[in-house]
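Single-structure report; data block below.
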Amino acid sequence: MSLRTLGNVCLHCARRRLPIRPLGPVLSPMLRSVSMTKVPSRNVYILSDDPTLDEQKDKYKTMEQTEVKKFGQFSQRWWNETGDIQALHLLNKLRVPFIRDGLLQEDGRFAEGPFPLQGYKILDVGCGGGILSEPLGRLGASVTGVDLSEELLDVAELHSLHDPLVTQNVKYVCGSIEELLTTEIENFDAVVASEVLEHIADLRSFVETCCDLVKPGGSLFITSINKTAIAYALAVVAAEALNIAPKGSHEWDKLVSLRELEALLEGSGFQVRLVHGIFYNPVCKKWSWIPNTSSNFAIHAVKTGSPYMEQTTVEETIDTQEPQKENT
């Protein structure tokens with residue numbers, strides 16, 4: 001691992017005002033011979049194999065273990081497309097084209113051929129059992145799905161075996177996105193956090209970490225529930241009463257204000273390209289785009305600035321600048 005990469009990690013810590021010394025889960029993989037361990041005969045990677053670091057790791061995870069366990073209980077029913085999370089499966093009809101078209105339009109391209117996303121590296125944060133990772137992989141993208149739930153990743157791995165293209169293009173990582181910073185800073189063309197923000201303990205840290213993983217010029221795609229009274233009434237209370245969402249899966253305190261999210265993105269060097277409102281019709285069982293963003297929303301933002309780029313530019317200027325000769 002290069003000193004520049006180590007410096008970038010330290011800069012990330014400084015931006016979060018985190019102490020460098022206790023960051024065992026962040027820096028230790030760089031000091032060991034292996035930073036990712038592949039589970040034999042599986043397409044799942046464990047970010048650390050040292051159990052003594054588990055307590056330290058939990059301090060830097062933005063996803064609480066209660067949230068991980070909450071969704072882990074659905075692991076055996078995750079791919080039942082008419083079951084508890086049917087609405088999540090149906091959301092793919094909107095979010096997959098949203099991600100595909102957003103990436104291609106940024107590059108001035110059109111969706112041509114069966115693999116329009118070939119050559120793109122995408123990180124699916126909170127991938128669960130792979131509902132979104134799989135269709136992105138089928139479009140040709142190289143997808144990394146990251147999640148803290150081993151139960152859900154087991155399901156994702158097993159389901160991926162049904163499609164050789166998914167097996168080829170999608171890999172799963174068991175760990176937190178903070179741990180990915182050791183090797184993946186500014187390494188993805190797109191980071192996707194779909195239906196994840198409303199389960200996060202530390203919103204600012206989570207969003208800034210997602211931003212750090214995106215390449216300059218790359219994209220961040222987010223779908224979530226707005227923190228408004230109407231959103232709570234429709235997307236939480238009514239959705240759970242009508243069995244559209246699992247009971248107890250959302251809490252008011254963890255809902256995210258769209259305005260706050262936009263401010264966080266802009267503060268991290270991103271420019272918001274597009275914001276859509278999303279509406280679910282429980283009778284037709286169909287998601288639709290709408291202009292109103294007061295309930296569910298989708299946002300696409302592009303990285304137009306980078307603290308790591310600025311740091312590198314300064315370093316290169318210092319390294320290459322010749323000392324001036326004094327006039328005598």
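Residue numbering restarts at 1 for every chain of the structure tokens, chains are lettered A, B, ... in their displayed order, and ligands are numbered from 1 as they appear.
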
Out of stretch 114-192 of chain A, which residues get helix (DSSP H, G or I) from DSSP, as a PyMOL selection string?
-> chain A and resi 133-138+150-160+164-169+177-184

Mind checking which residues fall within 12 Å of A:Ser268, counting only C-alpha atoms, ignoring those fewer than 2 positions away in the same chain, and posting them as a compact mmCIF listing (two decimals) with N, CA and C atoms, in the first residue's frame?
```
# COMPACT_ATOMS: atom_id res chain seq x y z
N HIS A 12 -8.94 11.41 5.45
CA HIS A 12 -10.34 11.06 5.69
C HIS A 12 -10.64 11.13 7.18
N ARG A 15 -10.86 14.68 8.36
CA ARG A 15 -12.11 15.33 7.97
C ARG A 15 -13.23 14.96 8.92
N ARG A 16 -13.19 13.70 9.46
CA ARG A 16 -14.22 13.24 10.39
C ARG A 16 -13.88 13.61 11.84
N ARG A 204 -24.23 11.73 8.73
CA ARG A 204 -23.15 12.52 8.15
C ARG A 204 -21.93 11.65 7.82
N SER A 205 -21.51 10.83 8.76
CA SER A 205 -20.35 9.98 8.53
C SER A 205 -20.60 8.99 7.39
N PHE A 206 -21.81 8.43 7.35
CA PHE A 206 -22.15 7.46 6.31
C PHE A 206 -22.11 8.11 4.93
N VAL A 207 -22.75 9.26 4.79
CA VAL A 207 -22.80 9.93 3.49
C VAL A 207 -21.41 10.36 3.06
N GLU A 208 -20.63 10.92 3.97
CA GLU A 208 -19.28 11.37 3.61
C GLU A 208 -18.38 10.19 3.22
N THR A 209 -18.57 9.05 3.87
CA THR A 209 -17.78 7.86 3.50
C THR A 209 -18.18 7.38 2.11
N CYS A 210 -19.48 7.37 1.83
CA CYS A 210 -19.94 7.00 0.49
C CYS A 210 -19.31 7.93 -0.55
N CYS A 211 -19.29 9.21 -0.25
CA CYS A 211 -18.72 10.19 -1.17
C CYS A 211 -17.23 9.94 -1.40
N ASP A 212 -16.52 9.54 -0.35
CA ASP A 212 -15.08 9.30 -0.47
C ASP A 212 -14.77 8.10 -1.36
N LEU A 213 -15.72 7.20 -1.52
CA LEU A 213 -15.49 6.00 -2.32
C LEU A 213 -15.76 6.22 -3.81
N VAL A 214 -16.34 7.38 -4.16
CA VAL A 214 -16.67 7.68 -5.55
C VAL A 214 -15.49 8.35 -6.25
N PRO A 216 -13.59 10.89 -8.85
CA PRO A 216 -13.90 12.22 -9.38
C PRO A 216 -14.66 12.07 -10.68
N LEU A 220 -23.24 9.27 -7.30
CA LEU A 220 -23.83 8.70 -6.09
C LEU A 220 -25.34 8.68 -6.30
N LEU A 261 -29.80 16.15 3.26
CA LEU A 261 -28.99 15.27 2.42
C LEU A 261 -28.32 16.06 1.30
N GLU A 262 -29.07 16.94 0.65
CA GLU A 262 -28.50 17.76 -0.43
C GLU A 262 -27.36 18.63 0.10
N ALA A 263 -27.53 19.17 1.31
CA ALA A 263 -26.48 20.00 1.91
C ALA A 263 -25.22 19.18 2.18
N LEU A 264 -25.40 17.95 2.67
CA LEU A 264 -24.26 17.08 2.93
C LEU A 264 -23.51 16.74 1.65
N LEU A 265 -24.26 16.48 0.60
CA LEU A 265 -23.63 16.14 -0.69
C LEU A 265 -22.86 17.32 -1.25
N GLU A 266 -23.46 18.49 -1.20
CA GLU A 266 -22.78 19.68 -1.71
C GLU A 266 -21.52 19.98 -0.90
N PHE A 270 -20.07 17.39 -4.19
CA PHE A 270 -20.99 16.81 -5.17
C PHE A 270 -21.99 17.85 -5.67
N GLN A 271 -22.41 17.66 -6.89
CA GLN A 271 -23.44 18.50 -7.49
C GLN A 271 -24.66 17.64 -7.79
N VAL A 272 -25.81 18.05 -7.27
CA VAL A 272 -27.04 17.29 -7.48
C VAL A 272 -27.50 17.45 -8.93
N ALA A 301 -26.33 12.44 -7.70
CA ALA A 301 -25.36 13.52 -7.55
C ALA A 301 -24.03 13.08 -8.14
N VAL A 302 -23.25 14.05 -8.65
CA VAL A 302 -21.98 13.77 -9.33
C VAL A 302 -20.85 14.47 -8.58
N LYS A 303 -19.73 13.77 -8.45
CA LYS A 303 -18.58 14.31 -7.74
C LYS A 303 -17.81 15.28 -8.64
N THR A 304 -17.89 16.53 -8.29
CA THR A 304 -17.23 17.56 -9.09
C THR A 304 -15.97 18.10 -8.42
N GLY A 305 -15.78 17.77 -7.14
CA GLY A 305 -14.59 18.19 -6.41
C GLY A 305 -14.14 17.07 -5.51
N SER A 306 -12.84 17.08 -5.14
CA SER A 306 -12.30 16.01 -4.30
C SER A 306 -11.15 16.53 -3.45
N PRO A 307 -11.22 16.35 -2.12
CA PRO A 307 -10.10 16.77 -1.27
C PRO A 307 -8.83 15.99 -1.56
N TYR A 308 -8.99 14.72 -2.05
CA TYR A 308 -7.81 13.92 -2.35
C TYR A 308 -7.13 14.41 -3.62
```

Any idea what's packed within 7 Å of stretch 91-106 of chain A, counting only C-alpha atoms, ignoring anything in its chain fewer than 3 positions away? Could you give it as a list in words?
-> Ala87, Leu88, Arg109, Phe110, Leu117, Leu132, Leu136, Phe221 and Trp287 of chain A

Serialized selection, N, CA and C atoms, as a PDB file, in the first residue's frame:
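So the final result, stored in selection17.pdb, reads:
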```pdb
ATOM      1  N   ALA A  87     -42.355  -4.974  -2.284  1.00  0.00           N
ATOM      2  CA  ALA A  87     -42.206  -3.600  -2.763  1.00  0.00           C
ATOM      3  C   ALA A  87     -40.757  -3.285  -3.122  1.00  0.00           C
ATOM      4  N   LEU A  88     -39.825  -3.882  -2.393  1.00  0.00           N
ATOM      5  CA  LEU A  88     -38.405  -3.659  -2.682  1.00  0.00           C
ATOM      6  C   LEU A  88     -38.025  -4.295  -4.020  1.00  0.00           C
ATOM      7  N   ARG A 109     -23.528   8.888 -23.342  1.00  0.00           N
ATOM      8  CA  ARG A 109     -23.775   7.623 -24.025  1.00  0.00           C
ATOM      9  C   ARG A 109     -25.248   7.248 -23.929  1.00  0.00           C
ATOM     10  N   PHE A 110     -25.625   6.246 -24.720  1.00  0.00           N
ATOM     11  CA  PHE A 110     -26.988   5.728 -24.707  1.00  0.00           C
ATOM     12  C   PHE A 110     -26.951   4.239 -24.374  1.00  0.00           C
ATOM     13  N   LEU A 117     -23.643  -1.216 -19.207  1.00  0.00           N
ATOM     14  CA  LEU A 117     -22.831  -0.772 -18.073  1.00  0.00           C
ATOM     15  C   LEU A 117     -21.476  -1.482 -17.999  1.00  0.00           C
ATOM     16  N   LEU A 132     -30.667  -5.640  -5.833  1.00  0.00           N
ATOM     17  CA  LEU A 132     -30.238  -4.605  -6.776  1.00  0.00           C
ATOM     18  C   LEU A 132     -28.909  -4.953  -7.431  1.00  0.00           C
ATOM     19  N   LEU A 136     -27.867  -5.078 -11.897  1.00  0.00           N
ATOM     20  CA  LEU A 136     -26.773  -4.207 -12.338  1.00  0.00           C
ATOM     21  C   LEU A 136     -25.644  -5.045 -12.928  1.00  0.00           C
ATOM     22  N   PHE A 221     -25.936   7.497  -6.137  1.00  0.00           N
ATOM     23  CA  PHE A 221     -27.384   7.325  -6.290  1.00  0.00           C
ATOM     24  C   PHE A 221     -27.979   6.920  -4.952  1.00  0.00           C
ATOM     25  N   TRP A 287     -44.569   1.113  -8.591  1.00  0.00           N
ATOM     26  CA  TRP A 287     -43.890   2.362  -8.250  1.00  0.00           C
ATOM     27  C   TRP A 287     -43.916   3.293  -9.457  1.00  0.00           C
TER      28      TRP A 287
END
```

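Selecting strand (DSSP E or B) from the backbone DSSP output for stretch 67-173 of chain A yields Lys121, Ile122, Leu123, Asp124, Val125, Ser142, Val143, Thr144, Gly145, Val146, Asp147, Val170, Lys171, Tyr172 and Val173 of chain A.
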
Could you save the residues just selected, with C-alpha atoms, as a PDB file, in the first residue's frame?
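Resulting contents of selection.pdb:
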```pdb
ATOM      1  CA  LYS A 121     -17.462  -0.282 -11.242  1.00  0.00           C
ATOM      2  CA  ILE A 122     -20.448   0.026  -8.906  1.00  0.00           C
ATOM      3  CA  LEU A 123     -20.639  -0.315  -5.115  1.00  0.00           C
ATOM      4  CA  ASP A 124     -24.046  -1.401  -3.783  1.00  0.00           C
ATOM      5  CA  VAL A 125     -24.091  -0.326  -0.118  1.00  0.00           C
ATOM      6  CA  SER A 142     -18.637  -4.923 -12.137  1.00  0.00           C
ATOM      7  CA  VAL A 143     -20.599  -4.804  -8.879  1.00  0.00           C
ATOM      8  CA  THR A 144     -19.396  -5.025  -5.303  1.00  0.00           C
ATOM      9  CA  GLY A 145     -22.181  -5.558  -2.793  1.00  0.00           C
ATOM     10  CA  VAL A 146     -21.292  -4.715   0.800  1.00  0.00           C
ATOM     11  CA  ASP A 147     -23.377  -5.592   3.857  1.00  0.00           C
ATOM     12  CA  VAL A 170     -20.916  -9.525  -8.777  1.00  0.00           C
ATOM     13  CA  LYS A 171     -18.898 -10.084  -5.619  1.00  0.00           C
ATOM     14  CA  TYR A 172     -20.044  -9.629  -2.045  1.00  0.00           C
ATOM     15  CA  VAL A 173     -18.112  -8.181   0.878  1.00  0.00           C
TER      16      VAL A 173
END
```

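Taking atom CA of A:Cys174 and atom CA of A:Ser133 as the two end points, the separation is 14.3 Å.
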
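Interatomic distance, atom CA of A:Val275 against atom CA of A:Gln86: 24.0 Å.
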
Pairwise distance, atom CA of A:Ala141 with atom CA of A:Gly129, equals 17.6 Å

Set out as a Markdown table a contact list for stretch 163-229 of chain A and stretch 244-260 of chain A with a cut-off of 6 Å, giving each residue of stretch 163-229 of chain A that qualifies its closest atom pair and distance in Å to one decimal, counting only C-alpha atoms, ordered by chain and rising residue number.
```
| residue | atom | partner | partner_atom | distance |
| --- | --- | --- | --- | --- |
| A:Glu198 | CA | A:Leu255 | CA | 4.8 |
| A:Asn226 | CA | A:Ser257 | CA | 5.1 |
| A:Lys227 | CA | A:Ser257 | CA | 4.6 |
```

Written selection (C-alpha atoms) as a compact mmCIF listing (two decimals), in the first residue's frame:
```txt
# COMPACT_ATOMS: atom_id res chain seq x y z
CA GLU A 198 -33.29 5.42 6.97
CA ASN A 226 -38.04 11.99 3.38
CA LYS A 227 -38.36 13.18 6.98
```
